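Reading through the structure tokens given below for one structure.
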Amino acid sequence: MPLLSIRNLKINYGPKEVLHNISFALEPGEILGLIGESGSGKSTLLRAIIGELSSSGAITDGTMEYKNRDLINISEEELRRLLGPEISILFQDSKNAMCQIRKIRDLLYEAMNAHLTISFTDAMNRAKRLMVKIGLTDTDRILHSYPFELSGGMNQRVGLVMAMLLQPSLLLADEPTSALDVTLQKQVIKEIQLMQQTYHMAVIFATHNIALARQITDKILVLKDGELIEQGNTKDVLRNPQRAYTKDLIEAVPHLRRAND
Ligand SMILES: Nc1ncnc2c1ncn2[C@@H]1O[C@H](COP(=O)(O)OP(=O)(O)OP(=O)(O)O)[C@@H](O)[C@H]1O
Ligand SMILES: [Mg+2]
């Protein structure tokens with residue numbers, strides 16, 4: 001049974017259809033790369049999965065199931081229960097995604113308390129264990145900071161901790177490292193991989209970065225102007241792309257490919 005199954009999905013912003021007939025399945029523990037140029041629809045697809053399209057956005061056709069549950073006709077209450085313990089998201093810029101007037105410790109506590117009966121102390125211990133696991137040693141300082149007091153890289157790592165607190169089965173990562181410099185990128189990718197392996201979590205990883213997709217994904221979906229033009233095992237797609245658009249994406253970054261090989 002696939003973890004996530006999407007069939008013939010169509011999405012509009014207002015009258016304009018921006019995702020056309022998207023179909024794919026994601027197995028438990030699988031890492032799926034969602035690649036395509038800017039504007040191809042990567043973020044729209046991820047937002048649709050968590051029911052967070054902007055107000056003009058709407059799913060107009062198709063089906064979307066998570067563990068055999070209909071994600072399109074789900075009640076808000078049921079969706080709220082899924083987000084965190086089952087499906088979580090890591091954005092490109094966690095700092096902006098977080099409430100700026102709350103300290104990290106309160107944000108982490110709220111994320112847990114929304115789903116669990118847990119004391120503040122137990123919640124902090126749990127958060128600290130996770131932080132240490134991904135190599136954050138300065139846990140007290142981080143917990144007592146506001147998002148704006150931390151660097152972009154640190155905020156991304158906190159964003160990852162927050163996304164992992166309830167051990168979801170599916171992590172949606174929307175270009176989670178593209179705002180970071182190369183060294184930090186590698187660090188955060190390693191941490192995502194560690195979490196993925198530790199919890200056998202499936203990941204959908206939207207990225208422009210083919211080198212990264214090559215390095216960490218099992219399968220790849222190629223989006224072009226809202227159309228899913230190619231999908232398959234990462235090795236097959238990158239070695240033997242069937243579409244000129246995919247070839248162009250691959251050839252656009254030869255130096256990065258070498259650097260990461
Ligand atoms: N809130 C919105 N209202 C109207 N149109 C939108 C909205 N968000 C995105 N779009 C349009 O939908 C299409 C897909 O955009 P989307 O942001 O999903 O692409 P993307 O692949 O994530 O791009 P990027 O790589 O730049 O993040 C684009 O044509 C974009 O202009
Ligand atoms: Mg995007």
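By order in the structure tokens, chains are A, B, ...; within a chain, residues start at 1; ligands start at 1, following the order shown.
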Can you pull out the residues contacting Met162 (chain A)? Cut-off 9 Å, using only C-alpha atoms, and skip same-chain residues under 2 positions away; I want them as a ChimeraX atom specification. /A:84,88,90,107-108,111-112,127,157-160,164-166
Next, write the just-selected residues to a file, as a short mmCIF file (atom, residue, chain, number, x, y, z; two decimals), in the first residue's frame, keeping N, CA and C atoms as the atom set.
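Contents of selection-v9.cif, as written:
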data_model
loop_
_atom_site.label_atom_id
_atom_site.label_comp_id
_atom_site.auth_asym_id
_atom_site.auth_seq_id
_atom_site.Cartn_x
_atom_site.Cartn_y
_atom_site.Cartn_z
N GLY A 84 1.83 17.10 11.53
CA GLY A 84 2.70 17.01 12.71
C GLY A 84 3.01 15.54 12.95
N SER A 88 4.65 16.36 7.91
CA SER A 88 5.12 17.68 8.32
C SER A 88 5.90 18.31 7.18
N LEU A 90 8.94 21.21 5.86
CA LEU A 90 10.12 22.05 6.13
C LEU A 90 10.23 23.03 4.96
N LEU A 107 7.72 27.59 20.77
CA LEU A 107 7.25 27.08 19.47
C LEU A 107 7.29 25.56 19.45
N LEU A 108 8.38 25.01 19.97
CA LEU A 108 8.52 23.56 19.99
C LEU A 108 7.48 22.93 20.93
N ALA A 111 4.08 22.94 19.32
CA ALA A 111 3.98 21.93 18.26
C ALA A 111 3.66 20.56 18.86
N MET A 112 4.25 20.29 20.02
CA MET A 112 4.01 18.99 20.66
C MET A 112 2.68 18.97 21.41
N ALA A 127 12.79 17.53 22.86
CA ALA A 127 13.36 18.41 21.83
C ALA A 127 14.88 18.38 21.90
N ARG A 157 17.75 24.24 10.92
CA ARG A 157 17.95 23.05 11.74
C ARG A 157 16.87 22.97 12.82
N VAL A 158 16.50 24.11 13.34
CA VAL A 158 15.39 24.13 14.30
C VAL A 158 14.08 23.74 13.59
N GLY A 159 13.92 24.24 12.36
CA GLY A 159 12.74 23.87 11.55
C GLY A 159 12.67 22.36 11.36
N LEU A 160 13.84 21.75 11.15
CA LEU A 160 13.88 20.29 10.98
C LEU A 160 13.50 19.60 12.29
N MET A 164 10.31 17.16 12.98
CA MET A 164 10.53 15.76 13.35
C MET A 164 10.00 15.39 14.73
N LEU A 165 9.56 16.37 15.50
CA LEU A 165 9.20 16.14 16.90
C LEU A 165 8.23 15.00 17.11
N LEU A 166 7.27 14.90 16.18
CA LEU A 166 6.22 13.89 16.36
C LEU A 166 6.44 12.68 15.44
#
Self-check item: Within 10 Å of ligand 2, counting only C-alpha atoms and all ligand atoms, residues as a PyMOL selection string
Solution: chain A and resi 36-47+91-92+174-175+206-208
Exercise: Ala179 (chain A) partners within 9 Å, only C-alpha atoms, chain neighbours under 5 positions left out, as a PyMOL selection string
chain A and resi 92-93+152-153+185
Those residues with C-alpha atoms, as a compact mmCIF listing (two decimals), in the first residue's frame please?
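Output below, filename part-v3.txt:
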# COMPACT_ATOMS: atom_id res chain seq x y z
CA GLN A 92 12.96 27.09 2.43
CA ASP A 93 12.97 29.77 5.09
CA GLY A 152 19.44 31.14 8.73
CA GLY A 153 21.20 27.80 8.99
CA GLN A 185 23.54 22.90 2.83
In terms of only C-alpha atoms, the residue from A:Lys95, A:His115, A:Arg141, A:Arg102 at minimal distance from Leu82 (chain A) is A:His115
query = For Asp140 (chain A), which of A:Asn125, A:Asn155, A:Ser55, A:Thr234 is the closest residue, counting only C-alpha atoms?
reply =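 Closest to Asp140 (chain A), using only C-alpha atoms: A:Asn125.
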- [ ] Write down as JSON, numbers by chain the residues belonging to region 44-249 of chain A that are assigned strand (DSSP E) by DSSP computed on the backbone.
- [x] {"A": [57, 58, 59, 60, 61, 62, 63, 64, 65, 66, 69, 70, 87, 88, 89, 90, 170, 171, 172, 173, 174, 202, 203, 204, 205, 206, 207, 219, 220, 221, 222, 223, 224, 227, 228, 229, 230, 231, 232, 233]}
N, CA and C atoms of the current selection, written as a tab-separated table (two decimals), in the first residue's frame:
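Wrote it out as selection_4.tsv, contents follow:
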chain	number	residue	atom	x	y	z
A	57	GLY	N	-6.24	29.39	-4.67
A	57	GLY	CA	-5.88	28.06	-5.15
A	57	GLY	C	-6.96	27.04	-4.84
A	58	ALA	N	-7.18	26.12	-5.76
A	58	ALA	CA	-8.18	25.07	-5.54
A	58	ALA	C	-7.83	23.81	-6.32
A	59	ILE	N	-8.13	22.67	-5.69
A	59	ILE	CA	-8.02	21.40	-6.41
A	59	ILE	C	-9.31	21.24	-7.21
A	60	THR	N	-9.17	21.08	-8.50
A	60	THR	CA	-10.38	21.03	-9.33
A	60	THR	C	-10.72	19.61	-9.79
A	61	ASP	N	-9.76	18.71	-9.69
A	61	ASP	CA	-10.04	17.34	-10.12
A	61	ASP	C	-9.00	16.40	-9.53
A	62	GLY	N	-9.32	15.12	-9.52
A	62	GLY	CA	-8.35	14.11	-9.13
A	62	GLY	C	-8.54	13.63	-7.70
A	63	THR	N	-7.64	12.74	-7.30
A	63	THR	CA	-7.71	12.19	-5.94
A	63	THR	C	-6.34	12.26	-5.28
A	64	MET	N	-6.37	12.30	-3.96
A	64	MET	CA	-5.14	12.39	-3.19
A	64	MET	C	-5.40	11.62	-1.90
A	65	GLU	N	-4.65	10.54	-1.72
A	65	GLU	CA	-4.89	9.71	-0.53
A	65	GLU	C	-3.61	9.51	0.26
A	66	TYR	N	-3.72	9.62	1.56
A	66	TYR	CA	-2.61	9.35	2.46
A	66	TYR	C	-3.02	8.19	3.35
A	69	ARG	N	-6.46	7.42	3.24
A	69	ARG	CA	-7.44	8.43	3.67
A	69	ARG	C	-7.50	9.54	2.64
A	70	ASP	N	-8.70	9.94	2.33
A	70	ASP	CA	-8.93	10.98	1.33
A	70	ASP	C	-8.44	12.33	1.88
A	87	ILE	N	2.25	13.99	8.80
A	87	ILE	CA	2.87	14.72	7.69
A	87	ILE	C	3.39	16.04	8.23
A	88	SER	N	4.65	16.36	7.91
A	88	SER	CA	5.12	17.68	8.32
A	88	SER	C	5.90	18.31	7.18
A	89	ILE	N	6.13	19.61	7.31
A	89	ILE	CA	6.75	20.34	6.20
A	89	ILE	C	7.92	21.18	6.70
A	90	LEU	N	8.94	21.21	5.86
A	90	LEU	CA	10.12	22.05	6.13
A	90	LEU	C	10.23	23.03	4.96
A	170	LEU	N	5.81	11.19	6.80
A	170	LEU	CA	6.08	11.90	5.55
A	170	LEU	C	6.56	13.32	5.84
A	171	LEU	N	7.73	13.62	5.31
A	171	LEU	CA	8.26	14.99	5.42
A	171	LEU	C	8.22	15.63	4.03
A	172	LEU	N	7.61	16.79	3.95
A	172	LEU	CA	7.62	17.55	2.71
A	172	LEU	C	8.66	18.65	2.87
A	173	ALA	N	9.66	18.65	2.02
A	173	ALA	CA	10.74	19.63	2.16
A	173	ALA	C	10.76	20.49	0.90
A	174	ASP	N	10.47	21.77	1.07
A	174	ASP	CA	10.37	22.67	-0.09
A	174	ASP	C	11.64	23.50	-0.19
A	202	ALA	N	9.26	8.81	4.81
A	202	ALA	CA	9.28	9.18	3.39
A	202	ALA	C	9.48	10.69	3.28
A	203	VAL	N	10.13	11.10	2.21
A	203	VAL	CA	10.40	12.54	2.03
A	203	VAL	C	10.05	12.93	0.59
A	204	ILE	N	9.36	14.04	0.44
A	204	ILE	CA	9.27	14.64	-0.90
A	204	ILE	C	10.11	15.91	-0.84
A	205	PHE	N	11.09	15.94	-1.71
A	205	PHE	CA	12.11	16.98	-1.63
A	205	PHE	C	12.05	17.81	-2.91
A	206	ALA	N	11.50	19.02	-2.81
A	206	ALA	CA	11.43	19.89	-3.98
A	206	ALA	C	12.74	20.65	-4.09
A	207	THR	N	13.33	20.62	-5.27
A	207	THR	CA	14.61	21.31	-5.44
A	207	THR	C	14.89	21.65	-6.90
A	219	LYS	N	13.68	8.31	-6.15
A	219	LYS	CA	12.91	8.52	-7.37
A	219	LYS	C	12.83	10.00	-7.67
A	220	ILE	N	12.52	10.30	-8.90
A	220	ILE	CA	12.43	11.70	-9.31
A	220	ILE	C	11.15	11.92	-10.11
A	221	LEU	N	10.52	13.04	-9.84
A	221	LEU	CA	9.43	13.53	-10.69
A	221	LEU	C	9.91	14.82	-11.33
A	222	VAL	N	9.71	14.94	-12.61
A	222	VAL	CA	10.12	16.17	-13.30
A	222	VAL	C	8.87	16.95	-13.68
A	223	LEU	N	8.77	18.16	-13.17
A	223	LEU	CA	7.63	19.02	-13.48
A	223	LEU	C	8.05	20.09	-14.47
A	224	LYS	N	7.21	20.31	-15.46
A	224	LYS	CA	7.45	21.39	-16.42
A	224	LYS	C	6.11	22.10	-16.64
A	227	GLU	N	3.12	20.29	-15.59
A	227	GLU	CA	2.89	18.94	-16.11
A	227	GLU	C	3.99	18.02	-15.61
A	228	LEU	N	3.60	16.81	-15.25
A	228	LEU	CA	4.59	15.82	-14.81
A	228	LEU	C	5.09	15.12	-16.07
A	229	ILE	N	6.28	15.53	-16.54
A	229	ILE	CA	6.69	15.04	-17.87
A	229	ILE	C	7.55	13.78	-17.78
A	230	GLU	N	8.07	13.50	-16.60
A	230	GLU	CA	8.93	12.32	-16.51
A	230	GLU	C	9.00	11.87	-15.06
A	231	GLN	N	8.98	10.57	-14.82
A	231	GLN	CA	9.21	10.09	-13.46
A	231	GLN	C	9.83	8.71	-13.50
A	232	GLY	N	10.62	8.40	-12.49
A	232	GLY	CA	11.26	7.09	-12.46
A	232	GLY	C	12.33	7.05	-11.39
A	233	ASN	N	13.08	5.94	-11.38
A	233	ASN	CA	14.19	5.84	-10.43
A	233	ASN	C	15.21	6.93	-10.76
_List the spatial neighbours of Arg105 (chain A) as a list in words - criterion: any atom at most 7 Å away, only C-alpha atoms, same-chain residues fewer than 4 positions off excluded._
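So, after excluding close chain neighbours, the residues are Tyr109, Leu143 and His144 of chain A.
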Could the residues in this selection be written to a file with N, CA and C atoms, as a PDB file, in the first residue's frame?
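The result, stored in again10.pdb:
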ATOM      1  N   TYR A 109       7.276  23.576  22.061  1.00  0.00           N
ATOM      2  CA  TYR A 109       6.298  23.040  23.012  1.00  0.00           C
ATOM      3  C   TYR A 109       4.894  23.040  22.412  1.00  0.00           C
ATOM      4  N   LEU A 143      17.093  27.086  22.584  1.00  0.00           N
ATOM      5  CA  LEU A 143      15.727  27.044  23.092  1.00  0.00           C
ATOM      6  C   LEU A 143      15.286  28.392  23.657  1.00  0.00           C
ATOM      7  N   HIS A 144      16.243  29.134  24.217  1.00  0.00           N
ATOM      8  CA  HIS A 144      15.883  30.419  24.812  1.00  0.00           C
ATOM      9  C   HIS A 144      15.946  31.576  23.822  1.00  0.00           C
TER      10      HIS A 144
END
Using only C-alpha atoms and all ligand atoms, the residue out of A:Asn12, A:Ser119, A:Gln242, A:Gln156 with shortest distance to ligand 1 is A:Asn12
**Report entry** Secondary structure check, helix (DSSP H, G or I) residues of region 5-82 of chain A, as an NGL selection string
**Finding:** :A and (42-49 or 76-82)
Could you tell me how far CA of Ile50 (chain A) lies from CA of Leu4 (chain A), in Å and to one decimal?
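Atom-to-atom, CA of Ile50 (chain A) and CA of Leu4 (chain A) are spaced 11.9 Å apart.
Closest approach to Lys235 (chain A) among A:Ala213, A:Met154, A:Ile104, A:Ile74 is made by A:Ala213 (distances from only C-alpha atoms).
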Among A:Asp218, A:Asp122, A:Asp138, A:Glu52, Leu34 (chain A) is approached most closely, using only C-alpha atoms, by A:Asp218
